[in-house]
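Since the structure comes first, as structure tokens, the remarks are kept for the end.
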Amino acid sequence: MVLAIGVFLATLVFVIWQPRGLQIGTSAVFGAIVALALGVVSITDVWTVTSIVWDATLAFIGIILLSMVLDEIGFFEWAALKMARFSDGNGHLMFVYILILGALVSALFANDGAALILTPIVLAKMKHLKMNPVTMFAFLMAGGFIGDSASNPLVISNLTNIVTAGYFQIGFWEYAKTMFLPNLLSIIASIVVLWIFFRKDIPNRIDITQLSTPESAIKNMTMFRLSWWFLALLMVGYFIGDAYHLPISVFALGGSLLFLAIATYFKATKPIMTIKAAPWQVVWFSIGLYVVVYGLKNGGLTTYLAEVILELQSMGNVYAVIGTGFLSAILSSVMNNMPTVMVMDIAIAEAGNSALAYANILGCNLGPKMTPIGSLATLLWLHVLAQKGVKIGWGEYMKVGLIITPPVLLAALIGLL
């Protein structure tokens, strides 16, 4: 166990630190190689992990690739400008509408898609509107928070969802039905808590006449119109795949490649550049980090966690659901939600109560918002902001995250009861 923890912590440090621009996937794969060399994991474990995460990882790449093509068309900028126009210059309405937009993007294009694509667009518009730093901080923190807190409704909304659904063989429709109420409560609670927290920093009026029209953001009208039909058909495809028990990556990655081909035909994108820009490091990150995490399982961590879950179950369903959710949240906030979701999935399976998988997902999706290292989406969000000249310190971040996360998580978990 000590050796497994040491390898895991060292890997996590390099993933977060990224010395000399070291990629997260490279660090994770190197950690997996060290774990294998030290006997923390075996070759059989590597194949076991790969069999668990391959579908989730390829599906995630597909979702991000689709998002990138839509971004090149101007889809997300159009949506952001549309939301701003809907507010009619009311600062508080704009704050709420941006959160709703973030929730929709996160649901359909994953929380990482929201972090990578929507954040720079919103930041650019706020700079154009000449918002003061305090107001910009409020909007950015709220947007970053909703990206994770609203990433629960569909299997495709978060990599943690895909991994867990695959591990417990939860169907697309079954998942969506179960998570509808928890996600709705999470969004409502997020908007209310964030508005209460930042209300004094939001101006009553914002001059939106400086913004360009939503239509001006569209770079290819043919592809823009086709995208609505394509997204609707893709969603139908997910349900068809569910009925025939097909891997979700068949539609997520297959659909994104088809959409890329259509966009190339209409000269709306440059396919080679788009494919190169896709976050391929996430593939190596997922497999590598999960191999390292499997070493924790071999060291007995999951057995210990299973005993804790069994103890919670003995106290009743309310304690089991809320306790499991907050246990996942705390672990995610200190050791990142990617390793946490797998460790907890294995522990829940050992405890023999697969229904708690949903509480684990909520904990792993919301809990990371307490710290900057809690999720890949937050790390990407901070990286995107830093590239744009906006730096948010750990202390500054946690003063917000530690206060607003627990009540929102509790509201979401109540939806499972």
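Letters A, B, ... mark the chains of the structure tokens in the order given; residue numbers begin at 1 per chain; ligand numbers begin at 1, in order shown.
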(Q) With DSSP run on the backbone, what are the helix (DSSP H, G or I) residues within range 171-387 of chain A? I'd like them as a count of residues only. (A) 180
What are the closest atom pairs, with distances in Å to one decimal, for all residues of range 58-140 of chain A lying within 12 Å of range 171-195 of chain A? Consider only C-alpha atoms, order rows by chain and residue number, and present the result as JSON lines.
{"residue": "A:Gly91", "atom": "CA", "partner": "A:Trp195", "partner_atom": "CA", "distance": 11.2}
{"residue": "A:His92", "atom": "CA", "partner": "A:Trp195", "partner_atom": "CA", "distance": 8.1}
{"residue": "A:Leu93", "atom": "CA", "partner": "A:Trp195", "partner_atom": "CA", "distance": 10.2}
{"residue": "A:Met94", "atom": "CA", "partner": "A:Trp195", "partner_atom": "CA", "distance": 11.2}
{"residue": "A:Phe95", "atom": "CA", "partner": "A:Trp195", "partner_atom": "CA", "distance": 7.9}
{"residue": "A:Val96", "atom": "CA", "partner": "A:Ile191", "partner_atom": "CA", "distance": 6.6}
{"residue": "A:Tyr97", "atom": "CA", "partner": "A:Ile191", "partner_atom": "CA", "distance": 9.6}
{"residue": "A:Ile98", "atom": "CA", "partner": "A:Ile191", "partner_atom": "CA", "distance": 10.1}
{"residue": "A:Leu99", "atom": "CA", "partner": "A:Ile191", "partner_atom": "CA", "distance": 6.9}
{"residue": "A:Ile100", "atom": "CA", "partner": "A:Ile187", "partner_atom": "CA", "distance": 8.1}
{"residue": "A:Leu101", "atom": "CA", "partner": "A:Ile187", "partner_atom": "CA", "distance": 11.2}
{"residue": "A:Gly102", "atom": "CA", "partner": "A:Ile187", "partner_atom": "CA", "distance": 10.1}
{"residue": "A:Ala103", "atom": "CA", "partner": "A:Ile187", "partner_atom": "CA", "distance": 7.3}
{"residue": "A:Leu104", "atom": "CA", "partner": "A:Ile187", "partner_atom": "CA", "distance": 10.3}
{"residue": "A:Ser106", "atom": "CA", "partner": "A:Ile187", "partner_atom": "CA", "distance": 11.3}
{"residue": "A:Ala107", "atom": "CA", "partner": "A:Asn183", "partner_atom": "CA", "distance": 9.7}
{"residue": "A:Ala138", "atom": "CA", "partner": "A:Leu194", "partner_atom": "CA", "distance": 8.6}
{"residue": "A:Phe139", "atom": "CA", "partner": "A:Leu194", "partner_atom": "CA", "distance": 9.5}
{"residue": "A:Leu140", "atom": "CA", "partner": "A:Leu194", "partner_atom": "CA", "distance": 11.2}
The selected residues should be written to file as a PDB file, in the first residue's frame (atoms: C-alpha atoms).
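again26.pdb written:
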ATOM      1  CA  GLY A  91     -26.482  41.982 -15.283  1.00  0.00           C
ATOM      2  CA  HIS A  92     -28.169  39.474 -12.985  1.00  0.00           C
ATOM      3  CA  LEU A  93     -30.121  37.887 -15.824  1.00  0.00           C
ATOM      4  CA  MET A  94     -26.928  37.665 -17.876  1.00  0.00           C
ATOM      5  CA  PHE A  95     -25.245  35.896 -14.950  1.00  0.00           C
ATOM      6  CA  VAL A  96     -28.064  33.328 -14.793  1.00  0.00           C
ATOM      7  CA  TYR A  97     -28.239  32.876 -18.572  1.00  0.00           C
ATOM      8  CA  ILE A  98     -24.491  32.246 -18.803  1.00  0.00           C
ATOM      9  CA  LEU A  99     -24.908  29.545 -16.155  1.00  0.00           C
ATOM     10  CA  ILE A 100     -27.773  27.971 -18.116  1.00  0.00           C
ATOM     11  CA  LEU A 101     -25.652  28.019 -21.273  1.00  0.00           C
ATOM     12  CA  GLY A 102     -22.775  26.404 -19.365  1.00  0.00           C
ATOM     13  CA  ALA A 103     -25.131  23.707 -18.089  1.00  0.00           C
ATOM     14  CA  LEU A 104     -26.374  22.926 -21.611  1.00  0.00           C
ATOM     15  CA  SER A 106     -21.648  20.611 -20.264  1.00  0.00           C
ATOM     16  CA  ALA A 107     -24.586  18.214 -20.658  1.00  0.00           C
ATOM     17  CA  ALA A 138     -17.646  36.283 -10.467  1.00  0.00           C
ATOM     18  CA  PHE A 139     -18.690  35.280 -13.991  1.00  0.00           C
ATOM     19  CA  LEU A 140     -15.618  33.100 -14.567  1.00  0.00           C
TER      20      LEU A 140
END
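The protein and nucleic acid residues lying at most 12 Å from Glu307 in chain A are A:Gly300, A:Leu301, A:Thr302, A:Thr303, A:Glu311, A:Leu312, A:Gln313, A:Ser314, A:Ala320, A:Thr324, A:Met344, A:Ala347, A:Ile348, A:Ala349, A:Glu350, A:Ala351, A:Gly352, with only C-alpha atoms considered and sequence neighbours fewer than 4 positions away removed.
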Residues at most 9 Å from Gly254 in chain A, counting only C-alpha atoms, excluding those fewer than 5 positions away in the same chain, as number ranges by chain? A: 59, 62, 249, 259
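Neighbours of range 41-55 of chain A closer than or equal to 7 Å, with only C-alpha atoms counted and sequence neighbours fewer than 5 positions away skipped, come out as Ala35, Leu36, Val163, Tyr167, Pro247, Ile248, Ser249, Ile287, Tyr290, Val291, Tyr294 and Gly295 of chain A.
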Correct to one decimal, the distance CA of Ser216 in chain A-CA of Glu77 in chain A is 9.4 Å
Report task. Find the residues around Ala28 in chain A up to 12 Å (only C-alpha atoms counted), leave out those fewer than 4 positions away in its own chain, and share them as an NGL selection string. Result -> :A and (7-16 or 18 or 22-24 or 32-35 or 281-293 or 338-339)
Set the distance at 12 Å and use only C-alpha atoms: which residues neighbour Lys399 in chain A once local chain neighbours fewer than 2 positions away are removed? I'd like the list as a VMD selection string. chain A and resid 141 197 369 to 372 392 to 397 401 to 405
Selected residues, N, CA and C atoms, written as a CSV table (one decimal), in the first residue's frame, please.
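Output contents, as saved in again11.csv:
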chain,number,residue,atom,x,y,z
A,141,MET,N,-15.8,32.3,-12.3
A,141,MET,CA,-15.9,31.3,-11.2
A,141,MET,C,-17.2,30.5,-11.4
A,197,PHE,N,-23.8,34.2,-3.5
A,197,PHE,CA,-22.4,34.4,-3.2
A,197,PHE,C,-21.9,35.6,-3.9
A,369,LYS,N,-14.8,20.6,-7.2
A,369,LYS,CA,-14.9,22.0,-7.2
A,369,LYS,C,-14.4,22.7,-5.9
A,370,MET,N,-14.1,21.9,-4.9
A,370,MET,CA,-13.6,22.4,-3.6
A,370,MET,C,-12.1,22.9,-3.7
A,371,THR,N,-11.4,22.2,-4.7
A,371,THR,CA,-10.0,22.6,-4.8
A,371,THR,C,-9.6,22.7,-6.3
A,372,PRO,N,-8.6,23.4,-6.6
A,372,PRO,CA,-8.2,23.5,-8.0
A,372,PRO,C,-7.7,22.2,-8.7
A,392,ILE,N,-5.9,32.8,-11.4
A,392,ILE,CA,-6.7,32.6,-10.2
A,392,ILE,C,-5.9,31.8,-9.2
A,393,GLY,N,-5.5,32.3,-8.1
A,393,GLY,CA,-4.7,31.6,-7.1
A,393,GLY,C,-5.5,30.5,-6.4
A,394,TRP,N,-4.8,29.6,-5.8
A,394,TRP,CA,-5.4,28.5,-5.1
A,394,TRP,C,-6.2,28.9,-3.9
A,395,GLY,N,-5.7,29.9,-3.2
A,395,GLY,CA,-6.4,30.4,-2.0
A,395,GLY,C,-7.7,31.1,-2.4
A,396,GLU,N,-7.5,31.9,-3.5
A,396,GLU,CA,-8.7,32.7,-4.0
A,396,GLU,C,-9.8,31.7,-4.5
A,397,TYR,N,-9.3,30.6,-5.2
A,397,TYR,CA,-10.3,29.6,-5.7
A,397,TYR,C,-11.0,28.9,-4.6
A,401,GLY,N,-14.8,27.8,-3.6
A,401,GLY,CA,-15.1,26.4,-3.8
A,401,GLY,C,-15.6,25.6,-2.6
A,402,LEU,N,-14.9,25.9,-1.4
A,402,LEU,CA,-15.2,25.2,-0.2
A,402,LEU,C,-16.6,25.6,0.4
A,403,ILE,N,-17.0,26.8,0.0
A,403,ILE,CA,-18.3,27.3,0.6
A,403,ILE,C,-19.5,26.9,-0.3
A,404,ILE,N,-19.3,27.0,-1.6
A,404,ILE,CA,-20.5,26.8,-2.5
A,404,ILE,C,-20.7,25.3,-2.9
A,405,THR,N,-19.7,24.5,-2.8
A,405,THR,CA,-19.8,23.1,-3.2
A,405,THR,C,-20.7,22.2,-2.3
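Remark: for Leu233 in chain A, the closest of the candidate residues A:Gln387, A:Ala252, A:Leu65, A:Glu215 is A:Ala252 (distances computed over only C-alpha atoms).
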